[in-house]
Amino acid sequence: MNLEQARREVKKLHKIISQHNYQYYVLDDPEISDTEYDKLLKKLIEIEKDFPILITSNSPTQRVGATPLAEFKEVEHVVPMLSLANAFDKDEMIRFYERIARELNDKNLSFSGETKLDGLAVSIFYKNSILETASTRGDGFTGEDVTQNIRTISQIPLNLIGKSIPDNLEVRGEVFITHRGFVNLNNKQKKQDQKIFANPRNAAAGSLRQLDPKITSERPLSFCAYGIGDYKGSLQLTKHTQILNQLQHWGLPISSESKELKGLEMCLEYYNDITDKRSQLAYDIDGVVFKVNNIDQQKTLGFVSRSPRWAIAYKFLPSEEITQLIDIEVQVGRTGTITPVARLKPVNVAGAKINNATLHNLDEIKRKDIKIGDWVYIRRAGDVIPEVVRVIKEKRTNVKEFKMPNTCPICGSDIKRQEGKTAFICVGGLSCSAQKNQAILHFSSRKAMNIDGLGEKIVIQLTGGRMVNNIADLFSLEQKKLSKLDRMGDKSASKLIQAIKSCRSTTLARFIYALGIPEVGESTARALANHFHTLENIQESTIDKLESISDIGPIVAKNIQSFFSQKNNIKIIEKLLLAGINFNNRQLSNESSLDNLSFVITGSLESITREKSKEILLSLGAKVGSSISKNTNYLICGNNPGSKYEKAIQLNIKILDETSFLKILKKEGVTL
Ligand code: IVH
């Protein structure tokens, strides 16, 4: 190969590798295997070895390897990196909307709704499609040159792909670390006796500000683009959402939560939706951002001091607060697991009064070095149980060590640590009323038999008064006796009886889950139902057969078999079936035509919730994913779909509207 041939080959490889990076990091839909990708990279390395003159900074071989810096250079931003004005409650958000609607004389303003990622802002400058420099925000006008470090982030393209790329283009976005990345990083740091980071934001900032890019390259940094700064060349886009779309086509990762929103109502709805979703996201966000979508309107509104007048960050209430840990008590769970719980001086966290927080287990208390009397940070995220994040050691004065009790505080049986396990358990089994109560509560919970109105206070009375001894007894409850309980009247007693009656028509998956077999969660229960189709098949199956299901390992298989071999459990199941529990025919039939088809749902459906749709699809053997890939078979598309809709069109995925979706369900014998 001569130099000219090598030059052509290198150029070709850069292009192919950039395209595969885009498929992998942006579309989450790789077209080649890792081995094939490595082969391409190896080919490039070999040519570069023979022709070192062809090595350029935008070569994918050059992400890591730059020499450490003595200090970061300062960079002046051509377009300042501004911050956003904040709204902390609905009134402030409404005022923002009304102000700009008035100024623009537009009553139905269109916005780009985005999540507010909690990382650090960077500006990445591409010249002729090649990453040239990258800098931090700094004070908004001058930042630090972190080009070497930004280059190590695999998600950030070194070369842009696609058409109509401006000659100069400054991409703005957030560098952040996912929850999983954060946990892995801290575990690694701990093993190496290195600094433990307090939160993902600090970890991201600390990782990006390393003088040695090799260290940065070992940190799990991610990136999400949310706008552009300076650019030269033509960019004929009139809406911010179009800019985001365009950035994605050029190979940059953008948030899959971004959405075009029309009018105030939709903005408020988006805020609520994202609030609900927050705890399920893979990364931290601290609010949502609304940007006036029309670029001309943005220009009309302009800026005040350091913030654009056309955008606002509607922030979540802070989800971490400080309070004092007054005591540690233990709770007994459904399977006897003892969980230490922190009793706290009441504190308001993200809008809810918190009195207790879980401490998980004894190892966790030791790891976090928590003592009774300590001042602690409490975190609450969405509907997740509040937890103690860390102790403020500087405030520690009079503290006491927590000791695991030797006997169960509820039934007095011994508390033992299972060999090789973290958890302590009460050995009392169902003779321990705490375990009995929890088993009943689990049975009636929303994702199990979904018995509305059977709360903890009622269950405690039912078992305490010996009206109910096990889950099967629920079905012989009499309304008259029930109405005599505390907090119960005739009306609520009759409602509860009705709820118990109607829960009897259920699905096999829900029933299996409701039984509370140790370590059999919702998805394992579903896998069992989909595989075996009938309860008898599951009861009679062997360990080998159970293990042949992809979700089930040897421990869970053993739990299942041992559960169904206990006489007491068999008796209770018989009683439940006699009481009239029956499974939706669907579950019993052998095969559904949706078996193994993959669905994604977007937008809001009118006659059924997304959660319910998902549950039905899963029960029919279909798979339900959260993002579109080329393996998706159908996108179910409701009102106001998000970017998934566009992506489905791009990838030529079949799109079903609500009516067609309901028709399919009907054909499968599902009635809503
Ligand atoms: S737009 C002129 N969009 O929030 C608008 N910022 O207080 C400038 N941030 O420094 C930013 N997610 O670090 C924008 N979707 C998003 C964002 C976002 C997070 C951060 C960014 C910025 C700060 C503004």
# chains A, B, ... in the order shown; residues from 1 in each chain; ligands from 1
$ closest_atom_pairs --of "chain A" --to "ligand 1" --cutoff "6 Å" --atoms "only C-alpha atoms and all ligand atoms" --output "Markdown table"
| residue | atom | partner | partner_atom_place_in_ligand_line | distance |
| --- | --- | --- | --- | --- |
| A:Leu82 | CA | ligand 1 | 2 (C) | 4.8 |
| A:Ser83 | CA | ligand 1 | 7 (O) | 3.7 |
| A:Leu84 | CA | ligand 1 | 7 (O) | 3.9 |
| A:Glu114 | CA | ligand 1 | 15 (N) | 5.0 |
| A:Thr115 | CA | ligand 1 | 15 (N) | 5.4 |
| A:Lys116 | CA | ligand 1 | 12 (N) | 3.5 |
| A:Leu117 | CA | ligand 1 | 19 (C) | 4.1 |
| A:Asp118 | CA | ligand 1 | 19 (C) | 6.0 |
| A:Leu120 | CA | ligand 1 | 13 (O) | 4.9 |
| A:Ala121 | CA | ligand 1 | 13 (O) | 3.8 |
| A:Glu174 | CA | ligand 1 | 13 (O) | 5.7 |
| A:Tyr226 | CA | ligand 1 | 15 (N) | 5.1 |
| A:Val289 | CA | ligand 1 | 15 (N) | 5.7 |
| A:Pro308 | CA | ligand 1 | 2 (C) | 5.5 |
$ select_by_dssp --residues "region 167-354 of chain A" --states "helix (DSSP H, G or I)" --output "number ranges by chain"
A: 179-191, 200-208, 213-217, 240-249, 263-280, 295-301
$ residues_around --residues "Tyr22 (chain A)" --least-positions-apart "5" --cutoff "9 Å" --atoms "only C-alpha atoms" --output "list in words"
Ile17, Leu27, Asp28, Asp29, Pro30, Gln155, Pro157, Ile161, Gln248, His249, Trp250, Gly251, Leu252 and Pro253 of chain A
$ write_last_selection --atoms "N, CA, C and O atoms" --output "compact mmCIF listing (two decimals), in the first residue's frame"
# COMPACT_ATOMS: atom_id res chain seq x y z
N ILE A 17 -16.26 3.89 10.78
CA ILE A 17 -16.27 3.77 12.26
C ILE A 17 -17.21 4.82 12.87
O ILE A 17 -17.98 4.51 13.79
N LEU A 27 -28.17 5.65 18.34
CA LEU A 27 -29.42 4.92 18.06
C LEU A 27 -29.59 3.69 18.95
O LEU A 27 -30.64 3.09 18.98
N ASP A 28 -28.53 3.33 19.67
CA ASP A 28 -28.58 2.16 20.53
C ASP A 28 -28.96 0.92 19.69
O ASP A 28 -29.77 0.10 20.11
N ASP A 29 -28.43 0.84 18.52
CA ASP A 29 -28.85 -0.17 17.58
C ASP A 29 -27.68 -0.60 16.69
O ASP A 29 -27.65 -0.30 15.49
N PRO A 30 -26.67 -1.26 17.28
CA PRO A 30 -25.47 -1.58 16.51
C PRO A 30 -25.76 -2.48 15.32
O PRO A 30 -26.64 -3.34 15.39
N GLN A 155 -19.15 8.33 23.61
CA GLN A 155 -20.44 8.76 23.06
C GLN A 155 -20.31 10.03 22.23
O GLN A 155 -21.22 10.35 21.46
N PRO A 157 -18.96 12.05 19.24
CA PRO A 157 -18.28 11.76 17.98
C PRO A 157 -17.06 12.66 17.75
O PRO A 157 -17.12 13.85 18.06
N ILE A 161 -21.28 13.08 11.25
CA ILE A 161 -21.67 12.38 10.03
C ILE A 161 -22.89 13.07 9.42
O ILE A 161 -23.51 13.91 10.06
N GLN A 248 -28.92 14.99 16.38
CA GLN A 248 -28.91 13.52 16.46
C GLN A 248 -28.47 12.92 15.11
O GLN A 248 -27.65 12.01 15.08
N HIS A 249 -28.98 13.48 14.03
CA HIS A 249 -28.60 12.95 12.72
C HIS A 249 -27.13 13.16 12.41
O HIS A 249 -26.55 12.45 11.61
N TRP A 250 -26.54 14.16 13.04
CA TRP A 250 -25.10 14.38 12.82
C TRP A 250 -24.25 13.48 13.73
O TRP A 250 -23.04 13.58 13.75
N GLY A 251 -24.93 12.68 14.54
CA GLY A 251 -24.19 11.69 15.32
C GLY A 251 -24.07 11.99 16.80
O GLY A 251 -23.35 11.31 17.52
N LEU A 252 -24.82 13.01 17.28
CA LEU A 252 -24.71 13.36 18.70
C LEU A 252 -25.85 12.77 19.50
O LEU A 252 -27.01 12.78 19.05
N PRO A 253 -25.57 12.25 20.68
CA PRO A 253 -26.66 11.72 21.50
C PRO A 253 -27.54 12.85 22.03
O PRO A 253 -27.01 13.87 22.49
$ residues_around --residues "Ile274 (chain A)" --least-positions-apart "2" --cutoff "9 Å" --atoms "only C-alpha atoms" --output "JSON, numbers by chain"
{"A": [115, 257, 269, 270, 271, 272, 276, 277, 278, 287, 288]}
$ atom_distance --atom1 "CA of Leu665 (chain A)" --atom2 "CA of Ile616 (chain A)"
8.4 Å
$ atom_distance --atom1 "CA of Lys190 (chain A)" --atom2 "CA of Tyr283 (chain A)"
21.4 Å
$ atom_distance --atom1 "CA of Leu325 (chain A)" --atom2 "CA of Ala352 (chain A)"
17.3 Å
$ residues_around --residues "Gly638 (chain A)" --least-positions-apart "2" --cutoff "7 Å" --atoms "only C-alpha atoms" --output "MDAnalysis selection string"
chainID A and resid 602:605 636 640:641 657:658
$ write_last_selection --atoms "N, CA and C atoms" --output "PDB file, in the first residue's frame"
ATOM      1  N   THR A 602     -45.756   4.798  22.998  1.00  0.00           N
ATOM      2  CA  THR A 602     -45.456   6.222  23.205  1.00  0.00           C
ATOM      3  C   THR A 602     -46.755   7.027  23.198  1.00  0.00           C
ATOM      4  N   GLY A 603     -46.721   8.196  23.807  1.00  0.00           N
ATOM      5  CA  GLY A 603     -47.899   9.061  23.832  1.00  0.00           C
ATOM      6  C   GLY A 603     -48.954   8.549  24.786  1.00  0.00           C
ATOM      7  N   SER A 604     -50.054   9.309  24.921  1.00  0.00           N
ATOM      8  CA  SER A 604     -51.066   8.842  25.879  1.00  0.00           C
ATOM      9  C   SER A 604     -52.239   8.202  25.137  1.00  0.00           C
ATOM     10  N   LEU A 605     -52.656   7.049  25.646  1.00  0.00           N
ATOM     11  CA  LEU A 605     -53.767   6.322  25.046  1.00  0.00           C
ATOM     12  C   LEU A 605     -55.035   6.720  25.803  1.00  0.00           C
ATOM     13  N   ILE A 636     -46.710   1.459  19.372  1.00  0.00           N
ATOM     14  CA  ILE A 636     -48.096   1.825  19.644  1.00  0.00           C
ATOM     15  C   ILE A 636     -48.078   3.313  19.959  1.00  0.00           C
ATOM     16  N   ASN A 640     -49.897  12.920  21.372  1.00  0.00           N
ATOM     17  CA  ASN A 640     -48.656  13.619  21.700  1.00  0.00           C
ATOM     18  C   ASN A 640     -47.460  12.685  21.845  1.00  0.00           C
ATOM     19  N   PRO A 641     -47.145  11.939  20.825  1.00  0.00           N
ATOM     20  CA  PRO A 641     -46.008  11.022  20.937  1.00  0.00           C
ATOM     21  C   PRO A 641     -44.699  11.802  21.045  1.00  0.00           C
ATOM     22  N   ASP A 657     -52.033   2.886  15.689  1.00  0.00           N
ATOM     23  CA  ASP A 657     -52.723   3.870  16.513  1.00  0.00           C
ATOM     24  C   ASP A 657     -53.565   3.100  17.542  1.00  0.00           C
ATOM     25  N   GLU A 658     -54.231   3.854  18.433  1.00  0.00           N
ATOM     26  CA  GLU A 658     -54.930   3.195  19.538  1.00  0.00           C
ATOM     27  C   GLU A 658     -55.988   2.205  19.030  1.00  0.00           C
TER      28      GLU A 658
END
$ closest_atom_pairs --of "region 317-349 of chain A" --to "region 508-528 of chain A" --cutoff "12 Å" --atoms "only C-alpha atoms" --output "Markdown table"
| residue | atom | partner | partner_atom | distance |
| --- | --- | --- | --- | --- |
| A:Gly333 | CA | A:Pro518 | CA | 11.3 |
| A:Arg334 | CA | A:Gly516 | CA | 7.9 |
| A:Thr335 | CA | A:Pro518 | CA | 6.9 |
| A:Gly336 | CA | A:Pro518 | CA | 10.4 |
| A:Thr337 | CA | A:Pro518 | CA | 10.7 |
$ select_by_dssp --residues "region 319-380 of chain A" --states "strand (DSSP E)" --output "tab-separated table (two decimals) with C-alpha atoms, in the first residue's frame"
chain	number	residue	atom	x	y	z
A	320	GLU	CA	-31.97	15.56	49.80
A	321	GLU	CA	-32.32	17.07	53.26
A	322	ILE	CA	-30.49	16.92	56.55
A	323	THR	CA	-32.04	15.63	59.77
A	324	GLN	CA	-31.16	13.71	62.91
A	325	LEU	CA	-31.43	9.96	63.22
A	326	ILE	CA	-33.15	9.40	66.56
A	327	ASP	CA	-33.27	5.62	66.70
A	328	ILE	CA	-32.88	2.44	64.69
A	329	GLU	CA	-35.63	-0.18	64.87
A	330	VAL	CA	-36.05	-3.39	62.94
A	331	GLN	CA	-38.92	-4.43	60.67
A	332	VAL	CA	-39.82	-7.98	59.75
A	337	THR	CA	-35.94	-10.68	56.49
A	338	ILE	CA	-35.05	-8.18	59.18
A	339	THR	CA	-34.65	-4.64	57.86
A	340	PRO	CA	-33.23	-1.94	60.11
A	341	VAL	CA	-35.22	1.28	59.78
A	342	ALA	CA	-34.06	4.75	60.83
A	343	ARG	CA	-36.50	6.75	62.91
A	344	LEU	CA	-35.89	10.38	62.04
A	345	LYS	CA	-36.64	13.80	63.36
A	346	PRO	CA	-39.42	14.60	60.82
A	347	VAL	CA	-38.14	16.45	57.78
A	348	ASN	CA	-39.71	17.64	54.55
A	349	VAL	CA	-38.02	16.08	51.52
A	352	ALA	CA	-43.30	14.97	51.61
A	353	LYS	CA	-42.88	14.65	55.38
A	354	ILE	CA	-40.40	11.90	56.12
A	355	ASN	CA	-40.23	10.16	59.53
A	356	ASN	CA	-38.46	6.93	58.59
A	357	ALA	CA	-35.83	5.80	56.14
A	358	THR	CA	-34.65	2.34	55.25
A	375	TRP	CA	-27.00	13.89	61.60
A	376	VAL	CA	-27.66	12.44	58.19
A	377	TYR	CA	-28.61	13.30	54.62
A	378	ILE	CA	-31.96	11.80	53.60
A	379	ARG	CA	-32.81	11.19	49.96
$ closest_atom_pairs --of "region 238-263 of chain A" --to "region 101-108 of chain A" --cutoff "12 Å" --atoms "only C-alpha atoms" --output "JSON lines"
{"residue": "A:Leu261", "atom": "CA", "partner": "A:Asn108", "partner_atom": "CA", "distance": 9.8}
{"residue": "A:Lys262", "atom": "CA", "partner": "A:Asn108", "partner_atom": "CA", "distance": 6.3}
{"residue": "A:Gly263", "atom": "CA", "partner": "A:Asn108", "partner_atom": "CA", "distance": 4.8}
$ closest_residue --among "A:Thr463, A:Gln242, A:Ser33, A:Ser476" --to "Phe111 (chain A)" --atoms "only C-alpha atoms"
A:Gln242
$ closest_residue --among "A:Asn361, A:Pro220, A:Ile653, A:Ser607" --to "Asn639 (chain A)" --atoms "only C-alpha atoms"
A:Ser607
$ residues_around --residues "Ile460 (chain A)" --least-positions-apart "3" --cutoff "10 Å" --atoms "only C-alpha atoms" --output "ChimeraX atom specification"
/A:433-434,436-438,440-441,455-457,463-466,468
$ write_last_selection --atoms "N, CA and C atoms" --output "short mmCIF file (atom, residue, chain, number, x, y, z; two decimals), in the first residue's frame"
data_model
loop_
_atom_site.label_atom_id
_atom_site.label_comp_id
_atom_site.auth_asym_id
_atom_site.auth_seq_id
_atom_site.Cartn_x
_atom_site.Cartn_y
_atom_site.Cartn_z
N SER A 433 -46.40 -13.06 63.38
CA SER A 433 -47.53 -12.32 62.80
C SER A 433 -47.05 -11.26 61.82
N ALA A 434 -45.84 -10.75 62.00
CA ALA A 434 -45.33 -9.74 61.05
C ALA A 434 -45.21 -10.36 59.67
N LYS A 436 -46.78 -12.98 58.55
CA LYS A 436 -48.11 -13.31 58.08
C LYS A 436 -48.76 -12.05 57.47
N ASN A 437 -48.67 -10.93 58.21
CA ASN A 437 -49.28 -9.69 57.71
C ASN A 437 -48.67 -9.27 56.39
N GLN A 438 -47.35 -9.36 56.32
CA GLN A 438 -46.68 -8.92 55.09
C GLN A 438 -47.07 -9.82 53.92
N ILE A 440 -49.89 -11.29 53.50
CA ILE A 440 -51.24 -10.91 53.07
C ILE A 440 -51.21 -9.59 52.29
N LEU A 441 -50.41 -8.66 52.81
CA LEU A 441 -50.32 -7.37 52.12
C LEU A 441 -49.72 -7.53 50.72
N GLY A 455 -55.55 -2.33 53.54
CA GLY A 455 -54.28 -1.74 53.97
C GLY A 455 -53.72 -2.41 55.21
N GLU A 456 -52.55 -1.92 55.64
CA GLU A 456 -51.83 -2.54 56.75
C GLU A 456 -52.65 -2.54 58.05
N LYS A 457 -53.30 -1.39 58.33
CA LYS A 457 -54.03 -1.28 59.60
C LYS A 457 -55.15 -2.32 59.68
N THR A 463 -55.63 -10.26 61.32
CA THR A 463 -54.82 -11.38 61.82
C THR A 463 -54.81 -11.39 63.35
N GLY A 464 -54.77 -10.19 63.92
CA GLY A 464 -54.76 -10.09 65.40
C GLY A 464 -56.03 -10.70 65.98
N GLY A 465 -57.17 -10.47 65.32
CA GLY A 465 -58.44 -11.00 65.83
C GLY A 465 -58.72 -12.40 65.32
N ARG A 466 -57.74 -12.99 64.70
CA ARG A 466 -57.83 -14.36 64.15
C ARG A 466 -58.95 -14.53 63.11
N VAL A 468 -58.42 -13.80 60.05
CA VAL A 468 -57.66 -14.27 58.89
C VAL A 468 -56.33 -14.83 59.37
#
$ closest_residue --among "A:Lys259, A:Lys49, A:His20, A:His442" --to "Ser154 (chain A)" --atoms "only C-alpha atoms"
A:His20
$ closest_residue --among "A:Lys501, A:Ile156, A:Lys644, A:Leu672" --to "Lys612 (chain A)" --atoms "only C-alpha atoms"
A:Leu672
$ closest_residue --among "A:Thr216, A:Asn582, A:Ser494, A:Ser123" --to "Gly229 (chain A)" --atoms "only C-alpha atoms"
A:Ser123
$ decode --residues "region 369-443 of chain A" --atoms "C-alpha atoms" --output "PDB file, in the first residue's frame"
ATOM      1  CA  ASP A 369     -20.870   4.161  59.424  1.00  0.00           C
ATOM      2  CA  ILE A 370     -24.310   5.186  60.712  1.00  0.00           C
ATOM      3  CA  LYS A 371     -24.819   5.552  64.468  1.00  0.00           C
ATOM      4  CA  ILE A 372     -27.883   6.402  66.536  1.00  0.00           C
ATOM      5  CA  GLY A 373     -27.884  10.168  67.155  1.00  0.00           C
ATOM      6  CA  ASP A 374     -26.037  11.029  63.908  1.00  0.00           C
ATOM      7  CA  TRP A 375     -26.999  13.889  61.602  1.00  0.00           C
ATOM      8  CA  VAL A 376     -27.663  12.437  58.195  1.00  0.00           C
ATOM      9  CA  TYR A 377     -28.610  13.295  54.622  1.00  0.00           C
ATOM     10  CA  ILE A 378     -31.959  11.795  53.602  1.00  0.00           C
ATOM     11  CA  ARG A 379     -32.814  11.187  49.960  1.00  0.00           C
ATOM     12  CA  ARG A 380     -36.158  10.591  48.390  1.00  0.00           C
ATOM     13  CA  ALA A 381     -36.538  10.022  44.668  1.00  0.00           C
ATOM     14  CA  GLY A 382     -40.054   9.741  43.240  1.00  0.00           C
ATOM     15  CA  ASP A 383     -41.939   6.913  44.860  1.00  0.00           C
ATOM     16  CA  VAL A 384     -38.783   5.175  46.066  1.00  0.00           C
ATOM     17  CA  ILE A 385     -38.529   4.511  49.823  1.00  0.00           C
ATOM     18  CA  PRO A 386     -36.486   7.286  51.490  1.00  0.00           C
ATOM     19  CA  GLU A 387     -32.945   6.312  52.422  1.00  0.00           C
ATOM     20  CA  VAL A 388     -30.021   7.608  54.416  1.00  0.00           C
ATOM     21  CA  VAL A 389     -27.401   8.808  51.949  1.00  0.00           C
ATOM     22  CA  ARG A 390     -24.571   9.573  54.331  1.00  0.00           C
ATOM     23  CA  VAL A 391     -23.600  10.735  57.781  1.00  0.00           C
ATOM     24  CA  ILE A 392     -22.302  14.229  58.501  1.00  0.00           C
ATOM     25  CA  LYS A 393     -19.342  13.172  60.604  1.00  0.00           C
ATOM     26  CA  GLU A 394     -18.415  16.752  61.542  1.00  0.00           C
ATOM     27  CA  LYS A 395     -21.717  17.084  63.421  1.00  0.00           C
ATOM     28  CA  ARG A 396     -21.292  13.863  65.404  1.00  0.00           C
ATOM     29  CA  THR A 397     -21.358  14.307  69.188  1.00  0.00           C
ATOM     30  CA  ASN A 398     -23.238  11.864  71.356  1.00  0.00           C
ATOM     31  CA  VAL A 399     -23.850   8.699  69.382  1.00  0.00           C
ATOM     32  CA  LYS A 400     -24.650   5.061  70.082  1.00  0.00           C
ATOM     33  CA  GLU A 401     -23.795   1.944  68.077  1.00  0.00           C
ATOM     34  CA  PHE A 402     -26.697  -0.072  66.641  1.00  0.00           C
ATOM     35  CA  LYS A 403     -26.834  -3.750  67.606  1.00  0.00           C
ATOM     36  CA  MET A 404     -28.900  -6.324  65.750  1.00  0.00           C
ATOM     37  CA  PRO A 405     -31.359  -7.842  68.286  1.00  0.00           C
ATOM     38  CA  ASN A 406     -31.085 -11.585  68.988  1.00  0.00           C
ATOM     39  CA  THR A 407     -34.829 -12.164  68.943  1.00  0.00           C
ATOM     40  CA  CYS A 408     -37.685 -11.010  66.716  1.00  0.00           C
ATOM     41  CA  PRO A 409     -39.412  -7.962  68.239  1.00  0.00           C
ATOM     42  CA  ILE A 410     -42.754  -9.261  66.972  1.00  0.00           C
ATOM     43  CA  CYS A 411     -42.840 -12.981  67.792  1.00  0.00           C
ATOM     44  CA  GLY A 412     -39.798 -13.512  69.975  1.00  0.00           C
ATOM     45  CA  SER A 413     -38.275 -16.211  67.736  1.00  0.00           C
ATOM     46  CA  ASP A 414     -34.543 -16.224  67.141  1.00  0.00           C
ATOM     47  CA  ILE A 415     -32.979 -13.880  64.618  1.00  0.00           C
ATOM     48  CA  LYS A 416     -30.281 -15.625  62.594  1.00  0.00           C
ATOM     49  CA  ARG A 417     -27.944 -14.654  59.826  1.00  0.00           C
ATOM     50  CA  GLN A 418     -28.167 -17.055  56.900  1.00  0.00           C
ATOM     51  CA  GLU A 419     -24.826 -18.480  56.010  1.00  0.00           C
ATOM     52  CA  GLY A 420     -22.984 -16.422  53.415  1.00  0.00           C
ATOM     53  CA  LYS A 421     -25.804 -13.895  53.153  1.00  0.00           C
ATOM     54  CA  THR A 422     -26.184 -10.282  54.172  1.00  0.00           C
ATOM     55  CA  ALA A 423     -29.698 -10.595  55.520  1.00  0.00           C
ATOM     56  CA  PHE A 424     -30.717 -11.565  59.048  1.00  0.00           C
ATOM     57  CA  ILE A 425     -34.011 -13.424  59.295  1.00  0.00           C
ATOM     58  CA  CYS A 426     -36.610 -14.223  61.936  1.00  0.00           C
ATOM     59  CA  VAL A 427     -36.927 -18.001  61.998  1.00  0.00           C
ATOM     60  CA  GLY A 428     -40.578 -17.837  63.154  1.00  0.00           C
ATOM     61  CA  GLY A 429     -42.028 -18.345  59.621  1.00  0.00           C
ATOM     62  CA  LEU A 430     -45.775 -17.887  59.377  1.00  0.00           C
ATOM     63  CA  SER A 431     -46.118 -18.212  63.140  1.00  0.00           C
ATOM     64  CA  CYS A 432     -44.606 -14.703  63.227  1.00  0.00           C
ATOM     65  CA  SER A 433     -47.526 -12.316  62.798  1.00  0.00           C
ATOM     66  CA  ALA A 434     -45.333  -9.741  61.054  1.00  0.00           C
ATOM     67  CA  GLN A 435     -44.501 -12.245  58.318  1.00  0.00           C
ATOM     68  CA  LYS A 436     -48.114 -13.307  58.082  1.00  0.00           C
ATOM     69  CA  ASN A 437     -49.282  -9.691  57.714  1.00  0.00           C
ATOM     70  CA  GLN A 438     -46.678  -8.924  55.092  1.00  0.00           C
ATOM     71  CA  ALA A 439     -47.607 -12.042  53.109  1.00  0.00           C
ATOM     72  CA  ILE A 440     -51.242 -10.913  53.065  1.00  0.00           C
ATOM     73  CA  LEU A 441     -50.316  -7.366  52.122  1.00  0.00           C
ATOM     74  CA  HIS A 442     -48.143  -8.670  49.299  1.00  0.00           C
ATOM     75  CA  PHE A 443     -50.945 -10.933  48.081  1.00  0.00           C
TER      76      PHE A 443
END
